[in-house]
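Asks: So I've got this file, entry-v4.txt, and it contains compact mmCIF, C-alpha atoms and all ligand atoms:
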# COMPACT_ATOMS: atom_id res chain seq x y z
CA MET A 1 -4.76 -0.59 9.44
CA LEU A 2 -5.08 -3.47 6.98
CA SER A 3 -2.51 -6.25 7.02
CA SER A 4 0.12 -6.39 4.29
CA LYS A 5 -1.78 -9.03 2.35
CA ASP A 6 -4.62 -6.58 1.71
CA ARG A 7 -2.42 -3.66 0.67
CA VAL A 8 -1.19 -2.71 -2.79
CA ILE A 9 2.04 -0.78 -3.28
CA MET A 10 3.28 0.76 -6.54
CA ILE A 11 7.06 0.94 -7.00
CA ALA A 12 8.37 3.35 -9.65
CA GLY A 13 11.87 2.39 -10.76
CA ALA A 14 11.49 -1.26 -9.76
CA SER A 15 14.29 -2.27 -12.14
CA GLY A 16 16.89 -0.28 -10.18
CA GLY A 17 18.97 -1.50 -7.27
CA ILE A 18 16.96 0.20 -4.51
CA GLY A 19 13.54 -0.07 -6.16
CA SER A 20 14.03 -3.75 -6.88
CA ALA A 21 15.10 -4.50 -3.30
CA ILE A 22 12.10 -2.61 -1.88
CA ALA A 23 9.72 -4.35 -4.29
CA GLN A 24 11.05 -7.79 -3.41
CA CYS A 25 11.02 -7.09 0.34
CA LEU A 26 7.42 -5.85 0.26
CA HIS A 27 6.34 -8.83 -1.81
CA ASP A 28 8.07 -11.19 0.64
CA LYS A 29 6.14 -9.54 3.48
CA GLY A 30 2.83 -10.25 1.76
CA TYR A 31 2.01 -7.03 -0.08
CA SER A 32 0.72 -6.96 -3.63
CA VAL A 33 3.10 -4.94 -5.76
CA SER A 34 2.70 -3.03 -9.01
CA LEU A 35 6.13 -2.65 -10.55
CA GLY A 36 6.91 0.23 -12.91
CA ALA A 37 10.06 0.18 -15.04
CA ARG A 38 11.04 1.59 -18.39
CA ASN A 39 12.59 -1.75 -19.33
CA LEU A 40 10.51 -4.64 -18.00
CA GLU A 41 13.20 -7.11 -18.99
CA LYS A 42 15.40 -5.67 -16.24
CA LEU A 43 12.94 -6.73 -13.51
CA GLY A 44 14.39 -9.64 -11.54
CA ALA A 45 13.54 -13.30 -12.10
CA TRP A 46 11.69 -13.25 -8.75
CA THR A 47 8.82 -11.45 -10.51
CA GLN A 48 7.98 -14.77 -12.21
CA THR A 49 7.37 -16.56 -8.88
CA SER A 50 4.49 -18.85 -7.99
CA ASP A 51 3.03 -15.91 -6.11
CA ALA A 52 2.73 -13.97 -9.34
CA GLU A 53 -0.93 -13.15 -8.66
CA ARG A 54 0.38 -10.52 -6.20
CA ILE A 55 2.64 -8.95 -8.84
CA MET A 56 1.86 -6.81 -11.83
CA THR A 57 4.34 -5.07 -14.10
CA HIS A 58 3.85 -2.01 -16.27
CA ALA A 59 5.99 0.33 -18.33
CA TYR A 60 7.00 3.44 -16.40
CA GLU A 61 8.70 6.46 -17.97
CA ALA A 62 9.06 9.29 -15.48
CA THR A 63 8.79 12.00 -18.12
CA ASP A 64 5.64 10.67 -19.81
CA ALA A 65 2.44 11.91 -18.13
CA SER A 66 0.05 9.73 -20.11
CA ASN A 67 2.12 6.62 -19.39
CA ASN A 68 1.99 7.44 -15.67
CA ALA A 69 -1.80 7.79 -15.74
CA ASP A 70 -2.11 4.52 -17.67
CA TRP A 71 -0.06 2.70 -15.02
CA VAL A 72 -2.15 4.07 -12.15
CA ASN A 73 -5.38 3.14 -13.94
CA ALA A 74 -4.08 -0.33 -14.78
CA THR A 75 -3.12 -0.89 -11.13
CA VAL A 76 -6.59 0.07 -9.90
CA GLU A 77 -8.15 -2.11 -12.57
CA ARG A 78 -6.03 -5.09 -11.52
CA PHE A 79 -6.09 -4.78 -7.71
CA GLY A 80 -9.01 -2.42 -7.03
CA ARG A 81 -7.01 -0.14 -4.71
CA ILE A 82 -3.69 1.60 -4.10
CA ASP A 83 -2.25 1.83 -0.57
CA GLY A 84 1.21 3.16 -1.23
CA VAL A 85 3.69 4.48 -3.77
CA VAL A 86 7.47 4.22 -3.64
CA ASN A 87 9.19 6.71 -5.95
CA SER A 88 12.62 5.21 -6.51
CA ALA A 89 13.25 6.04 -10.17
CA GLY A 90 15.91 8.69 -10.45
CA MET A 91 18.95 9.82 -12.41
CA GLY A 92 22.38 11.13 -11.50
CA GLY A 93 23.99 13.66 -13.83
CA MET A 94 27.02 15.69 -12.86
CA VAL A 95 26.29 19.34 -13.48
CA ASN A 96 27.60 22.08 -11.25
CA LEU A 97 26.62 25.65 -10.51
CA GLU A 98 28.81 27.16 -13.23
CA ASP A 99 28.01 24.69 -16.00
CA ASP A 100 25.97 26.14 -18.86
CA ASP A 101 23.95 22.95 -19.23
CA ASP A 102 20.22 23.58 -19.12
CA GLU A 103 19.58 20.22 -20.74
CA THR A 104 20.92 18.26 -17.77
CA TYR A 105 19.23 20.56 -15.26
CA ASP A 106 15.91 20.10 -17.09
CA ALA A 107 16.34 16.31 -17.25
CA LEU A 108 17.08 16.11 -13.52
CA TRP A 109 14.01 18.22 -12.79
CA ALA A 110 11.79 16.12 -15.05
CA VAL A 111 12.89 12.72 -13.72
CA ASN A 112 13.75 13.37 -10.06
CA VAL A 113 11.05 15.91 -9.20
CA LYS A 114 8.19 16.08 -11.68
CA GLY A 115 8.03 12.29 -12.07
CA PRO A 116 7.46 11.58 -8.35
CA MET A 117 5.20 14.63 -8.00
CA ARG A 118 2.96 13.40 -10.82
CA MET A 119 2.76 9.89 -9.35
CA ILE A 120 1.65 11.43 -6.05
CA ARG A 121 -0.94 13.64 -7.72
CA LEU A 122 -2.37 10.71 -9.67
CA THR A 123 -2.53 8.33 -6.70
CA LEU A 124 -3.62 10.67 -3.87
CA PRO A 125 -7.36 10.07 -4.43
CA HIS A 126 -6.77 6.33 -3.96
CA LEU A 127 -4.40 6.80 -1.01
CA ARG A 128 -6.93 9.06 0.72
CA LYS A 129 -9.67 6.51 0.19
CA CYS A 130 -7.79 3.73 1.98
CA GLY A 131 -7.24 5.85 5.11
CA SER A 132 -3.61 4.83 5.62
CA GLY A 133 -1.88 5.70 2.35
CA ARG A 134 1.89 5.79 2.24
CA ILE A 135 4.30 7.67 -0.02
CA ILE A 136 8.03 7.00 0.06
CA ASN A 137 10.26 9.24 -2.00
CA VAL A 138 13.80 7.94 -2.37
CA SER A 139 15.67 11.21 -2.01
CA SER A 140 19.31 11.37 -0.89
CA LEU A 141 21.59 12.97 1.68
CA SER A 142 22.29 15.24 -1.32
CA GLY A 143 18.78 16.53 -0.61
CA LYS A 144 19.95 17.64 2.85
CA ARG A 145 23.38 19.17 2.32
CA VAL A 146 25.76 20.13 -0.51
CA THR A 147 29.18 18.52 -0.22
CA ASN A 148 30.28 18.17 -3.85
CA ASP A 149 29.92 19.72 -7.30
CA GLY A 150 26.82 17.75 -8.22
CA THR A 151 24.69 20.85 -7.81
CA GLY A 152 22.01 19.80 -10.29
CA TYR A 153 21.44 16.48 -8.53
CA ALA A 154 21.35 18.19 -5.13
CA LEU A 155 18.84 20.77 -6.36
CA SER A 156 16.56 18.03 -7.61
CA LYS A 157 16.77 16.09 -4.34
CA PHE A 158 16.22 19.21 -2.20
CA ALA A 159 13.12 19.83 -4.32
CA LEU A 160 11.99 16.25 -3.76
CA MET A 161 12.19 16.89 0.00
CA ALA A 162 9.73 19.75 -0.52
CA VAL A 163 7.45 17.39 -2.44
CA THR A 164 7.47 15.01 0.55
CA HIS A 165 6.59 17.76 3.02
CA ALA A 166 3.88 19.13 0.71
CA THR A 167 2.43 15.62 0.53
CA ARG A 168 2.41 15.30 4.31
CA ARG A 169 0.32 18.45 4.53
CA ALA A 170 -2.02 17.54 1.68
CA GLY A 171 -2.75 14.01 2.86
CA TRP A 172 -2.53 14.17 6.64
CA GLU A 173 -6.24 14.51 7.47
CA ASP A 174 -7.01 11.46 5.34
CA GLY A 175 -4.32 9.26 6.85
CA VAL A 176 -1.72 9.68 4.10
CA ARG A 177 1.85 9.71 5.45
CA ALA A 178 4.85 10.71 3.34
CA THR A 179 8.49 9.93 3.95
CA SER A 180 11.77 10.86 2.29
CA ILE A 181 14.47 8.23 2.58
CA CYS A 182 17.83 10.01 2.31
CA PRO A 183 20.79 7.66 1.91
CA SER A 184 24.41 8.42 1.17
CA TRP A 185 26.14 5.84 -1.05
CA VAL A 186 24.08 2.77 -1.78
CA ASN A 187 25.55 -0.30 -3.46
CA THR A 188 23.78 0.00 -6.84
CA ASP A 189 24.70 0.89 -10.42
CA MET A 190 24.25 4.58 -9.61
CA ALA A 191 27.13 4.42 -7.14
CA ALA A 192 29.55 3.08 -9.76
CA ARG A 193 31.47 6.37 -9.83
CA ALA A 194 31.92 6.50 -6.04
CA GLU A 195 35.54 6.86 -4.95
CA GLY A 196 37.16 6.13 -1.61
CA ILE A 197 34.58 3.61 -0.46
CA THR A 198 34.18 -0.07 -1.22
CA ARG A 199 30.92 -1.64 -2.33
CA GLU A 200 30.75 -3.63 0.90
CA ASP A 201 31.06 -0.45 2.99
CA MET A 202 28.13 1.22 1.24
CA ILE A 203 24.53 0.97 2.45
CA GLN A 204 23.08 -2.22 1.01
CA PRO A 205 19.77 -1.88 -0.89
CA GLU A 206 18.24 -4.69 1.17
CA ASP A 207 18.77 -2.68 4.36
CA LEU A 208 17.01 0.34 2.87
CA ALA A 209 14.23 -2.00 1.79
CA GLU A 210 13.68 -3.09 5.40
CA MET A 211 13.46 0.58 6.42
CA ALA A 212 10.90 1.26 3.68
CA ALA A 213 8.84 -1.73 4.78
CA THR A 214 8.89 -0.48 8.39
CA VAL A 215 7.75 2.99 7.32
CA ILE A 216 4.87 1.50 5.35
CA ALA A 217 3.81 -0.78 8.22
CA LEU A 218 3.85 1.90 10.95
CA PRO A 219 0.46 3.23 12.07
CA ASN A 220 -0.77 6.71 11.11
CA SER A 221 0.19 7.89 14.61
CA ALA A 222 3.91 7.17 14.07
CA ALA A 223 4.90 9.06 10.94
CA ILE A 224 8.51 9.45 9.82
CA ALA A 225 8.99 12.44 7.52
CA GLU A 226 12.70 12.05 6.85
CA LEU A 227 14.95 9.05 7.29
CA LEU A 228 18.63 10.02 7.02
CA VAL A 229 20.95 7.06 6.46
CA ASN A 230 24.73 7.17 6.25
CA CYS A 231 27.43 4.55 5.87
CA THR A 232 30.23 6.87 6.97
CA LEU A 233 30.78 9.58 9.57
CA GLY A 234 30.11 12.20 6.85
CA ASP A 235 27.75 15.16 7.28
CA MET A 236 24.08 14.24 7.56
CA PHE A 237 22.63 17.74 7.07
N1 LIG A 301 22.92 4.58 -5.30
C1 LIG A 301 23.14 5.61 -4.50
O1 LIG A 301 24.26 5.81 -4.00
C2 LIG A 301 22.00 6.54 -4.16
C3 LIG A 301 22.18 7.41 -3.08
C4 LIG A 301 21.16 8.29 -2.74
C5 LIG A 301 19.97 8.26 -3.45
N2 LIG A 301 19.82 7.42 -4.52
C6 LIG A 301 18.54 7.47 -5.24
O2 LIG A 301 17.96 6.19 -5.21
C7 LIG A 301 17.06 6.05 -6.31
C8 LIG A 301 17.28 4.70 -6.96
O3 LIG A 301 18.59 4.65 -7.50
P1 LIG A 301 19.49 3.32 -7.44
O4 LIG A 301 20.58 3.57 -6.50
O5 LIG A 301 18.61 2.14 -7.26
O6 LIG A 301 20.13 3.35 -8.90
P2 LIG A 301 19.85 2.48 -10.20
O7 LIG A 301 20.07 1.06 -9.90
O8 LIG A 301 20.62 3.13 -11.27
O9 LIG A 301 18.28 2.69 -10.43
C9 LIG A 301 17.73 3.87 -10.97
C10 LIG A 301 16.34 3.55 -11.42
O10 LIG A 301 15.71 4.71 -11.97
C11 LIG A 301 15.18 4.36 -13.24
N3 LIG A 301 15.07 5.53 -14.12
C12 LIG A 301 16.04 6.40 -14.47
N4 LIG A 301 15.54 7.31 -15.33
C13 LIG A 301 14.23 6.99 -15.52
C14 LIG A 301 13.18 7.52 -16.29
N5 LIG A 301 13.35 8.60 -17.09
N6 LIG A 301 11.95 6.93 -16.23
C15 LIG A 301 11.75 5.84 -15.47
N7 LIG A 301 12.72 5.27 -14.73
C16 LIG A 301 13.93 5.84 -14.75
C17 LIG A 301 16.15 3.33 -13.77
O11 LIG A 301 15.60 2.64 -14.88
P3 LIG A 301 16.54 1.73 -15.84
O12 LIG A 301 16.72 0.44 -15.07
O13 LIG A 301 15.74 1.59 -17.07
O14 LIG A 301 17.82 2.50 -16.03
C18 LIG A 301 16.31 2.48 -12.52
O15 LIG A 301 15.18 1.66 -12.33
C19 LIG A 301 17.34 7.24 -7.22
O16 LIG A 301 16.30 8.18 -7.07
C20 LIG A 301 18.65 7.80 -6.70
O17 LIG A 301 18.76 9.18 -6.94
C21 LIG A 301 20.80 6.55 -4.88
Kindly return the structure encoded in the file as structure tokens.
Ligand SMILES: NC(=O)c1ccc[n+]([C@@H]2O[C@H](COP(=O)([O-])OP(=O)(O)OC[C@H]3O[C@@H](n4cnc5c(N)ncnc54)[C@H](OP(=O)(O)O)[C@@H]3O)[C@@H](O)[C@H]2O)c1

Replies:
Amino acid sequence: MLSSKDRVIMIAGASGGIGSAIAQCLHDKGYSVSLGARNLEKLGAWTQTSDAERIMTHAYEATDASNNADWVNATVERFGRIDGVVNSAGMGGMVNLEDDDDETYDALWAVNVKGPMRMIRLTLPHLRKCGSGRIINVSSLSGKRVTNDGTGYALSKFALMAVTHATRRAGWEDGVRATSICPSWVNTDMAARAEGITREDMIQPEDLAEMAATVIALPNSAAIAELLVNCTLGDMF
């Protein structure tokens, strides 16, 4: 497998707490990174570093198919290859089984499932070509078990688990390995509504970033399909 300095990783949702930490960690380890965010001004100051030749930024809107294709094409034009994609963009949205709220269910489906699935479809030809392509979908422990009324979110994350396993099957022969990272509470904006746990006791985004970097660096013969990460003794599945 190539060393990190020859590999190019796209990060969708690089303005968010987890996406930003993964992007920064991969860049620190020598990867070239293509950062997708719907608001480029929210990308951290680190993206202006002296090593900026290994960083590109591009608008990313999960629900906009032509924008997604433009980003993939721009990444190939800039770096000549794509070795991995991290799908970290995602939305919360409290909607439960008995809520008559198709709008929120549709939004969750569009952002948390169809967005990552489209990024995978668009990049698979490039990932196959490099022989050791990597996909990381940031799912959730809510994609493994249902412990609260956030049914819509859980449905979307369970579906994202299926996307990961479908990707494993589709890409395996060509060296593509897909992983779902499934955390419980992570100390980011999305966890602002969390009750009964302090920020310090949550999983820190930097720790998830190290896990993502390990998954990307592992050889094709050591594939991790699901990485379940908890900060409490709560149910894992
Ligand atoms: N925090 C947790 O406790 C937790 C636990 C389990 C799983 N997760 C998952 O982790 C992932 C990252 O979340 P986070 O914790 O880092 O939260 P965050 O800081 O709120 O980041 C969410 C990211 O998703 C982006 N996003 C939302 N809707 C989008 C859209 N329509 N198009 C493009 N980008 C969009 C946001 O963009 P803006 O910056 O423009 O808003 C932001 O970059 C999500 O998939 C989430 O479901 C989080």

Asks: Name all residues at most 6 Å from segment 117-130 of chain A (count only C-alpha atoms; drop same-chain ones fewer than 3 positions away) and give them as JSON, numbers by chain.

Replies: {"A": [82, 83, 114, 133, 174]}

Asks: Can I get the selection written as a JSON list (two decimals), in the coordinates of the input, with C-alpha atoms?

Replies:
[["chain", "number", "residue", "atom", "x", "y", "z"],
["A", 82, "ILE", "CA", -3.69, 1.60, -4.10],
["A", 83, "ASP", "CA", -2.25, 1.83, -0.57],
["A", 114, "LYS", "CA", 8.19, 16.08, -11.68],
["A", 133, "GLY", "CA", -1.88, 5.70, 2.35],
["A", 174, "ASP", "CA", -7.01, 11.46, 5.34]]

Asks: Quick one: distance from atom CA of Glu206 of chain A to atom CA of Glu41 of chain A in Å, one decimal?

Replies: 20.9 Å

Asks: Show me the residues close to (19.5, 11.1, -14.3) - anything with an atom within 12 Å, counting only C-alpha atoms - and format the list as a PyMOL selection string.

Replies: chain A and resi 62-63+88-95+103-113+115+150+152-154+156-157+190

Asks: As an exercise, work out the distance from atom CA of Val85 of chain A to atom CA of Leu43 of chain A in Å and give it to one decimal place.

Replies: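 About the pair atom CA of Val85 of chain A and atom CA of Leu43 of chain A: they are 17.5 Å apart.
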
Asks: Considering all atoms listed in the file, give me a table of residues in chain A that are at most 8 Å from ligand LIG 301 (chain A), with the closest atom pair and distance in Å for each, as a tab-separated table.

Replies:
residue	atom	partner	partner_atom	distance
A:Ala12	CA	A:LIG301	N7	7.0
A:Gly13	CA	A:LIG301	O15	3.7
A:Ala14	CA	A:LIG301	O15	5.4
A:Ser15	CA	A:LIG301	O15	4.0
A:Gly16	CA	A:LIG301	O9	3.3
A:Gly17	CA	A:LIG301	O5	3.7
A:Ile18	CA	A:LIG301	O5	3.7
A:Gly19	CA	A:LIG301	O5	5.6
A:Ser20	CA	A:LIG301	O5	7.5
A:Gly36	CA	A:LIG301	C15	7.8
A:Ala37	CA	A:LIG301	N7	5.8
A:Arg38	CA	A:LIG301	O13	4.9
A:Asn39	CA	A:LIG301	O13	5.1
A:Lys42	CA	A:LIG301	O12	6.4
A:Tyr60	CA	A:LIG301	C15	5.4
A:Glu61	CA	A:LIG301	N6	3.7
A:Ala62	CA	A:LIG301	N6	3.8
A:Thr63	CA	A:LIG301	N5	5.8
A:Asn87	CA	A:LIG301	O16	7.3
A:Ser88	CA	A:LIG301	C7	4.5
A:Ala89	CA	A:LIG301	O10	3.3
A:Gly90	CA	A:LIG301	O16	3.4
A:Met91	CA	A:LIG301	C12	4.9
A:Gly92	CA	A:LIG301	O17	6.1
A:Ala110	CA	A:LIG301	N5	7.9
A:Val111	CA	A:LIG301	N5	5.3
A:Asn112	CA	A:LIG301	O16	6.5
A:Gly115	CA	A:LIG301	N6	7.8
A:Asn137	CA	A:LIG301	O16	8.0
A:Val138	CA	A:LIG301	O16	5.3
A:Ser139	CA	A:LIG301	C5	5.4
A:Ser140	CA	A:LIG301	C4	4.0
A:Leu141	CA	A:LIG301	C4	6.5
A:Ser142	CA	A:LIG301	C4	7.2
A:Tyr153	CA	A:LIG301	O17	7.9
A:Lys157	CA	A:LIG301	O17	7.6
A:Cys182	CA	A:LIG301	C4	6.3
A:Pro183	CA	A:LIG301	C4	4.7
A:Ser184	CA	A:LIG301	C3	4.9
A:Trp185	CA	A:LIG301	O1	3.5
A:Val186	CA	A:LIG301	O1	3.8
A:Asn187	CA	A:LIG301	N1	5.8
A:Thr188	CA	A:LIG301	O4	4.8
A:Asp189	CA	A:LIG301	O7	4.7
A:Met190	CA	A:LIG301	O8	4.2
A:Ala191	CA	A:LIG301	O1	4.5
A:Ala194	CA	A:LIG301	O1	8.0
A:Met202	CA	A:LIG301	O1	8.0
A:Pro205	CA	A:LIG301	O5	7.6

Asks: Store the residues picked out above, limited to C-alpha atoms, as a compact mmCIF listing (two decimals), in the frame of the given file.

Replies:
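The file below, result-v1.txt, is the result:
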# COMPACT_ATOMS: atom_id res chain seq x y z
CA ALA A 12 8.37 3.35 -9.65
CA GLY A 13 11.87 2.39 -10.76
CA ALA A 14 11.49 -1.26 -9.76
CA SER A 15 14.29 -2.27 -12.14
CA GLY A 16 16.89 -0.28 -10.18
CA GLY A 17 18.97 -1.50 -7.27
CA ILE A 18 16.96 0.20 -4.51
CA GLY A 19 13.54 -0.07 -6.16
CA SER A 20 14.03 -3.75 -6.88
CA GLY A 36 6.91 0.23 -12.91
CA ALA A 37 10.06 0.18 -15.04
CA ARG A 38 11.04 1.59 -18.39
CA ASN A 39 12.59 -1.75 -19.33
CA LYS A 42 15.40 -5.67 -16.24
CA TYR A 60 7.00 3.44 -16.40
CA GLU A 61 8.70 6.46 -17.97
CA ALA A 62 9.06 9.29 -15.48
CA THR A 63 8.79 12.00 -18.12
CA ASN A 87 9.19 6.71 -5.95
CA SER A 88 12.62 5.21 -6.51
CA ALA A 89 13.25 6.04 -10.17
CA GLY A 90 15.91 8.69 -10.45
CA MET A 91 18.95 9.82 -12.41
CA GLY A 92 22.38 11.13 -11.50
CA ALA A 110 11.79 16.12 -15.05
CA VAL A 111 12.89 12.72 -13.72
CA ASN A 112 13.75 13.37 -10.06
CA GLY A 115 8.03 12.29 -12.07
CA ASN A 137 10.26 9.24 -2.00
CA VAL A 138 13.80 7.94 -2.37
CA SER A 139 15.67 11.21 -2.01
CA SER A 140 19.31 11.37 -0.89
CA LEU A 141 21.59 12.97 1.68
CA SER A 142 22.29 15.24 -1.32
CA TYR A 153 21.44 16.48 -8.53
CA LYS A 157 16.77 16.09 -4.34
CA CYS A 182 17.83 10.01 2.31
CA PRO A 183 20.79 7.66 1.91
CA SER A 184 24.41 8.42 1.17
CA TRP A 185 26.14 5.84 -1.05
CA VAL A 186 24.08 2.77 -1.78
CA ASN A 187 25.55 -0.30 -3.46
CA THR A 188 23.78 0.00 -6.84
CA ASP A 189 24.70 0.89 -10.42
CA MET A 190 24.25 4.58 -9.61
CA ALA A 191 27.13 4.42 -7.14
CA ALA A 194 31.92 6.50 -6.04
CA MET A 202 28.13 1.22 1.24
CA PRO A 205 19.77 -1.88 -0.89

Asks: Between A:Gln204, A:Asn68, A:Ser132, A:Ser180, single out the one closest to Lys144 of chain A, counting all atoms listed in the file.

Replies: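 Smallest separation from Lys144 of chain A among the options: A:Ser180.
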
Asks: Can you build me a table of segment 72-111 of chain A residues sitting at most 10 Å from segment 1-9 of chain A, with the closest atom pair per residue and its distance in Å to one decimal, using all atoms listed in the file, sorted by chain and residue number, as a tab-separated table?

Replies:
residue	atom	partner	partner_atom	distance
A:Thr75	CA	A:Val8	CA	8.8
A:Val76	CA	A:Val8	CA	9.4
A:Phe79	CA	A:Val8	CA	7.2
A:Gly80	CA	A:Val8	CA	8.9
A:Arg81	CA	A:Val8	CA	6.6
A:Ile82	CA	A:Val8	CA	5.2
A:Asp83	CA	A:Val8	CA	5.2
A:Gly84	CA	A:Ile9	CA	4.5
A:Val85	CA	A:Ile9	CA	5.5
A:Val86	CA	A:Ile9	CA	7.4

Asks: Of the residues A:Ile11, A:Gly234, A:Glu98, A:Ile22, which is the one nearest to Glu210 of chain A, using all atoms listed in the file?

Replies: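 With all atoms listed in the file as the atom set, the closest residue is A:Ile22.
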
Asks: Which distance in Å separates atom CA of Asn148 of chain A and atom CA of Asp235 of chain A, to one decimal?

Replies: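 Spanning atom CA of Asn148 of chain A to atom CA of Asp235 of chain A is a straight-line distance of 11.8 Å.
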
Asks: Given 8 Å of margin on each side, can you work out the centre and size in Å (one decimal) of an axis-aligned box holding every listed atom of segment 217-227 of chain A, as JSON?

Replies:
{"center_x": 7.1, "center_y": 5.8, "center_z": 10.7, "size_x": 31.7, "size_y": 29.2, "size_z": 23.8}

Asks: How would you write as number ranges by chain the residues that get within 7 Å of (15.4, 11.6, 7.6) in the file's frame, counting all atoms listed in the file?

Replies: A: 180-182, 225-228

Asks: What's around Thr49 of chain A at 12 Å? Count only C-alpha atoms, leave out sequence neighbours fewer than 4 positions away in its own chain, and write the answer as a PyMOL selection string.

Replies: chain A and resi 24+27-28+44-45+53-56

Asks: Start from the incomplete input, build N, CA and C atoms for segment 57-72 of chain A, and deliver everything as a PDB file, in the coordinates of the input.

Replies:
ATOM      1  N   THR A  57       3.265  -5.909 -13.567  1.00  0.00           N
ATOM      2  CA  THR A  57       4.340  -5.070 -14.100  1.00  0.00           C
ATOM      3  C   THR A  57       3.751  -4.142 -15.159  1.00  0.00           C
ATOM      4  N   HIS A  58       4.363  -2.986 -15.292  1.00  0.00           N
ATOM      5  CA  HIS A  58       3.850  -2.010 -16.270  1.00  0.00           C
ATOM      6  C   HIS A  58       5.007  -1.095 -16.658  1.00  0.00           C
ATOM      7  N   ALA A  59       4.984  -0.637 -17.897  1.00  0.00           N
ATOM      8  CA  ALA A  59       5.990   0.330 -18.330  1.00  0.00           C
ATOM      9  C   ALA A  59       5.862   1.603 -17.496  1.00  0.00           C
ATOM     10  N   TYR A  60       7.005   2.159 -17.110  1.00  0.00           N
ATOM     11  CA  TYR A  60       7.000   3.440 -16.400  1.00  0.00           C
ATOM     12  C   TYR A  60       8.112   4.311 -16.957  1.00  0.00           C
ATOM     13  N   GLU A  61       7.729   5.452 -17.516  1.00  0.00           N
ATOM     14  CA  GLU A  61       8.700   6.460 -17.970  1.00  0.00           C
ATOM     15  C   GLU A  61       8.366   7.748 -17.211  1.00  0.00           C
ATOM     16  N   ALA A  62       9.322   8.172 -16.395  1.00  0.00           N
ATOM     17  CA  ALA A  62       9.060   9.290 -15.480  1.00  0.00           C
ATOM     18  C   ALA A  62       8.643  10.567 -16.191  1.00  0.00           C
ATOM     19  N   THR A  63       9.057  10.743 -17.422  1.00  0.00           N
ATOM     20  CA  THR A  63       8.790  12.000 -18.120  1.00  0.00           C
ATOM     21  C   THR A  63       7.520  11.958 -18.976  1.00  0.00           C
ATOM     22  N   ASP A  64       6.781  10.864 -18.911  1.00  0.00           N
ATOM     23  CA  ASP A  64       5.640  10.670 -19.810  1.00  0.00           C
ATOM     24  C   ASP A  64       4.338  10.640 -18.995  1.00  0.00           C
ATOM     25  N   ALA A  65       3.634  11.774 -18.983  1.00  0.00           N
ATOM     26  CA  ALA A  65       2.440  11.910 -18.130  1.00  0.00           C
ATOM     27  C   ALA A  65       1.359  10.897 -18.488  1.00  0.00           C
ATOM     28  N   SER A  66       1.148  10.643 -19.773  1.00  0.00           N
ATOM     29  CA  SER A  66       0.050   9.730 -20.110  1.00  0.00           C
ATOM     30  C   SER A  66       0.412   8.296 -19.744  1.00  0.00           C
ATOM     31  N   ASN A  67       1.682   7.948 -19.847  1.00  0.00           N
ATOM     32  CA  ASN A  67       2.120   6.620 -19.390  1.00  0.00           C
ATOM     33  C   ASN A  67       1.879   6.469 -17.889  1.00  0.00           C
ATOM     34  N   ASN A  68       2.156   7.518 -17.128  1.00  0.00           N
ATOM     35  CA  ASN A  68       1.990   7.440 -15.670  1.00  0.00           C
ATOM     36  C   ASN A  68       0.522   7.227 -15.310  1.00  0.00           C
ATOM     37  N   ALA A  69      -0.357   7.948 -15.993  1.00  0.00           N
ATOM     38  CA  ALA A  69      -1.800   7.790 -15.740  1.00  0.00           C
ATOM     39  C   ALA A  69      -2.257   6.381 -16.130  1.00  0.00           C
ATOM     40  N   ASP A  70      -1.737   5.885 -17.237  1.00  0.00           N
ATOM     41  CA  ASP A  70      -2.110   4.520 -17.670  1.00  0.00           C
ATOM     42  C   ASP A  70      -1.721   3.495 -16.602  1.00  0.00           C
ATOM     43  N   TRP A  71      -0.522   3.662 -16.036  1.00  0.00           N
ATOM     44  CA  TRP A  71      -0.060   2.700 -15.020  1.00  0.00           C
ATOM     45  C   TRP A  71      -0.952   2.732 -13.780  1.00  0.00           C
ATOM     46  N   VAL A  72      -1.276   3.941 -13.329  1.00  0.00           N
ATOM     47  CA  VAL A  72      -2.150   4.070 -12.150  1.00  0.00           C
ATOM     48  C   VAL A  72      -3.502   3.412 -12.440  1.00  0.00           C
TER      49      VAL A  72
END
